[in-house]
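Data first, discussion second: the structure below is written as C-alpha cells.
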Amino acid sequence: MEQVPGIKRGEFFLFGAVICEAIWRARNQAIFEGKETNPIELCQKADKTIVEHRMSIAIHLGFQLPKPVQRWKKPPRDSIKLNVDAAFKDGYSSIAVVARDWRGEVVFACAKRVYSNLPLQAEAEAIKWALSLAKSLEAAAIIMESDSKDCVDGLAPSGKKIHWRIRVKT
C-alpha cells in the first residue's frame, strides 16, 4: 500500500475496518430485521467507535487521557444562564448570546455582526451585549458562560481564582 501524506497507516486501517463493520451491520439489519439505518447515525456510531478504539490504544500504551467532557448544565432555579461566543470569518466577526432558564428552556437567542477583527475584543463585546440584554430579565441570578479565559479572568474579582478547564471534545 502506498503512503498517503498526512495519514498514518494504522489510523487508515482502523477507520476502514470500523466503516466496513458499520456498513455490514446496517446491511444485516436491513436484510434480516427489516430496519433501515440513517446514514448520519451510522457515521456518528462509526466516529464514536473510532474514538473508543483510540482511547483503548492510548490506555494500553500508558498515555494519560483527558478528563471526560463536561456537559452544559441548567442554572439553579429562578436563574438565567447566558452562553456567549464570537466567531470570525473573512475579516468579519459575529457574536451570539443564548439565554436559558432553570428548566433549560431558551429565553432568548440573538446574534449580530460586530466590527472587530480581534478575537478578544469580540468575545468581550459578546459578554457586554449579553449583560445589557439580560438587564430586563427578572431572575434571582444571572450566570455567564464564555470560552474566553482572558475575558473571564478579567471580570473576576481581584485575587479570586476562577474555575477554568479546557476540555477536549471528541
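Here's how to read the names in the C-alpha cells: chain A, B, ... by the order shown, residue numbers from 1 in each chain, ligand numbers from 1 in the order shown.
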
Item to complete: Tell me, as number ranges by chain, which residues lie within 12 Å of Val51 (chain A), counting only C-alpha atoms; anything in the same chain fewer than 2 positions away does not count.
Response: A: 11, 14-15, 18, 44-49, 53-58, 65, 169-170

Write out the residues from the selection above, keeping C-alpha atoms, as a short mmCIF file (atom, residue, chain, number, x, y, z; two decimals), in the first residue's frame.
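Saved as result-v8.cif:
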```cif
data_model
loop_
_atom_site.label_atom_id
_atom_site.label_comp_id
_atom_site.auth_asym_id
_atom_site.auth_seq_id
_atom_site.Cartn_x
_atom_site.Cartn_y
_atom_site.Cartn_z
CA GLU A 11 -5.33 5.11 11.53
CA LEU A 14 -8.78 1.42 11.86
CA PHE A 15 -11.05 3.84 10.01
CA VAL A 18 -14.82 0.46 11.56
CA GLN A 44 -21.83 9.07 14.22
CA LYS A 45 -21.63 5.50 15.59
CA ALA A 46 -18.54 4.82 13.49
CA ASP A 47 -16.91 8.01 14.77
CA LYS A 48 -17.70 7.05 18.38
CA THR A 49 -16.24 3.57 17.83
CA HIS A 53 -10.51 2.36 19.89
CA ARG A 54 -8.08 5.28 20.08
CA MET A 55 -8.70 5.63 23.81
CA SER A 56 -8.13 1.93 24.47
CA ILE A 57 -4.89 2.04 22.47
CA ALA A 58 -3.76 5.15 24.41
CA LEU A 65 -6.31 10.59 28.89
CA LYS A 169 -14.32 17.31 22.79
CA THR A 170 -14.41 14.04 20.97
#
```

Practice prompt. Name the residues of region 30-144 of chain A that fall into alpha helix (DSSP H) according to DSSP on the backbone, using the chain letters and numbers of this document, as an MDAnalysis selection string.
Written response: chainID A and resid 39:60 119:134

Worksheet item: If we count only C-alpha atoms, what is near Gln121 (chain A) at a cut-off of 12 Å, once residues fewer than 3 positions away on the same chain are taken out, given as a VMD selection string?
Response: chain A and resid 85 to 88 93 to 95 114 to 118 124 to 128 148 150 to 151

I want to know what sits within 8 Å of Pro75 (chain A), based on only C-alpha atoms, with residues of the same chain fewer than 2 positions away left out; could you give that as a compact mmCIF listing (two decimals) with all heavy atoms, in the first residue's frame?
```txt
# COMPACT_ATOMS: atom_id res chain seq x y z
N LYS A 73 -24.93 22.47 31.85
CA LYS A 73 -25.84 22.22 32.96
C LYS A 73 -26.82 23.37 33.09
O LYS A 73 -26.46 24.53 32.86
CB LYS A 73 -25.07 22.07 34.27
CG LYS A 73 -24.23 20.83 34.33
CD LYS A 73 -23.49 20.74 35.66
CE LYS A 73 -22.60 19.52 35.66
NZ LYS A 73 -21.72 19.48 36.82
N ARG A 77 -32.60 27.07 40.06
CA ARG A 77 -33.98 27.55 39.96
C ARG A 77 -34.02 29.09 40.07
O ARG A 77 -33.28 29.68 40.85
CB ARG A 77 -34.83 26.94 41.07
CG ARG A 77 -36.30 27.20 40.92
CD ARG A 77 -37.08 26.40 41.97
NE ARG A 77 -38.49 26.51 41.74
CZ ARG A 77 -39.21 25.71 40.95
NH1 ARG A 77 -38.62 24.73 40.32
NH2 ARG A 77 -40.50 25.90 40.79
N SER A 79 -32.92 31.22 38.05
CA SER A 79 -31.73 31.85 37.49
C SER A 79 -31.77 31.78 35.97
O SER A 79 -32.49 30.98 35.39
CB SER A 79 -30.46 31.15 37.97
OG SER A 79 -30.34 31.26 39.36
N ILE A 80 -30.97 32.61 35.35
CA ILE A 80 -30.80 32.62 33.90
C ILE A 80 -29.33 32.39 33.61
O ILE A 80 -28.46 32.99 34.25
CB ILE A 80 -31.24 33.98 33.28
CG1 ILE A 80 -32.70 34.28 33.57
CG2 ILE A 80 -30.93 34.01 31.79
CD1 ILE A 80 -33.70 33.43 32.83
N LYS A 81 -29.05 31.51 32.65
CA LYS A 81 -27.67 31.29 32.22
C LYS A 81 -27.50 31.86 30.81
O LYS A 81 -28.29 31.56 29.92
CB LYS A 81 -27.31 29.81 32.23
CG LYS A 81 -25.84 29.57 31.88
CD LYS A 81 -25.49 28.09 31.88
CE LYS A 81 -25.16 27.64 33.27
NZ LYS A 81 -24.58 26.27 33.28
N ARG A 100 -30.88 30.80 28.81
CA ARG A 100 -31.78 29.70 29.20
C ARG A 100 -32.16 29.84 30.66
O ARG A 100 -31.38 30.30 31.48
CB ARG A 100 -31.09 28.36 28.97
CG ARG A 100 -30.92 28.00 27.50
CD ARG A 100 -30.43 26.56 27.38
NE ARG A 100 -30.43 26.10 26.03
CZ ARG A 100 -29.41 26.22 25.20
NH1 ARG A 100 -28.30 26.79 25.61
NH2 ARG A 100 -29.48 25.76 23.97
N ASP A 101 -33.37 29.38 30.96
CA ASP A 101 -33.84 29.43 32.34
C ASP A 101 -33.48 28.15 33.09
O ASP A 101 -32.82 27.27 32.54
CB ASP A 101 -35.34 29.71 32.40
CG ASP A 101 -36.19 28.59 31.78
OD1 ASP A 101 -35.68 27.47 31.57
OD2 ASP A 101 -37.38 28.84 31.52
N TRP A 102 -33.94 28.04 34.33
CA TRP A 102 -33.58 26.92 35.19
C TRP A 102 -34.10 25.58 34.67
O TRP A 102 -33.61 24.53 35.07
CB TRP A 102 -34.06 27.16 36.63
CG TRP A 102 -35.54 27.35 36.75
CD1 TRP A 102 -36.24 28.51 36.62
CD2 TRP A 102 -36.50 26.33 37.02
NE1 TRP A 102 -37.58 28.30 36.78
CE2 TRP A 102 -37.77 26.95 37.05
CE3 TRP A 102 -36.42 24.97 37.26
CZ2 TRP A 102 -38.94 26.25 37.29
CZ3 TRP A 102 -37.60 24.27 37.51
CH2 TRP A 102 -38.84 24.91 37.52
N ARG A 103 -35.06 25.61 33.76
CA ARG A 103 -35.56 24.37 33.15
C ARG A 103 -34.75 23.99 31.90
O ARG A 103 -34.99 22.95 31.30
CB ARG A 103 -37.04 24.53 32.79
CG ARG A 103 -37.95 24.66 33.99
CD ARG A 103 -39.40 24.87 33.56
NE ARG A 103 -39.55 26.07 32.76
CZ ARG A 103 -39.98 27.25 33.21
NH1 ARG A 103 -40.31 27.39 34.46
NH2 ARG A 103 -40.09 28.29 32.41
N GLY A 104 -33.86 24.88 31.48
CA GLY A 104 -33.09 24.64 30.26
C GLY A 104 -33.78 25.17 29.02
O GLY A 104 -33.29 25.01 27.91
N ILE A 143 -26.08 33.98 35.31
CA ILE A 143 -24.82 33.24 35.21
C ILE A 143 -24.31 33.40 33.78
O ILE A 143 -25.06 33.21 32.83
CB ILE A 143 -25.04 31.75 35.54
CG1 ILE A 143 -25.57 31.61 36.97
CG2 ILE A 143 -23.75 30.95 35.33
CD1 ILE A 143 -26.13 30.24 37.28
```

Fill in: chain A: residues DSSP assigns to strand (DSSP E), reported as a VMD selection string
chain A and resid 79 to 89 92 to 101 106 to 114 141 to 146

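Nearest to Leu137 (chain A) of all the residues A:Ala96, A:Leu82, A:Ala26, A:Ile59 is A:Leu82, counting only C-alpha atoms.
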
Discussion item. Counting only C-alpha atoms, which residue out of A:His60, A:Ile142, A:Ser132, A:Arg113 sits closest to Pro76 (chain A)?
Written reply: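 Smallest separation from Pro76 (chain A) among the options: A:Ile142.
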
Item to complete: Provide the CA of Val152 (chain A) to CA of Glu123 (chain A) distance in Å, to one decimal place.
Response: 9.9 Å

Worksheet item: With only C-alpha atoms as the atoms that count, which of A:Asp78, A:Glu52, A:Glu36, A:Glu21 lies nearest to Ala139 (chain A)?
Response: A:Asp78

Worksheet item: Using only C-alpha atoms, which of the listed residues (A:Ala141, A:Cys43, A:Cys20, A:Ala122) sits closest to Tyr92 (chain A)?
Response: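 Selected residue with least distance to Tyr92 (chain A): A:Ala122.
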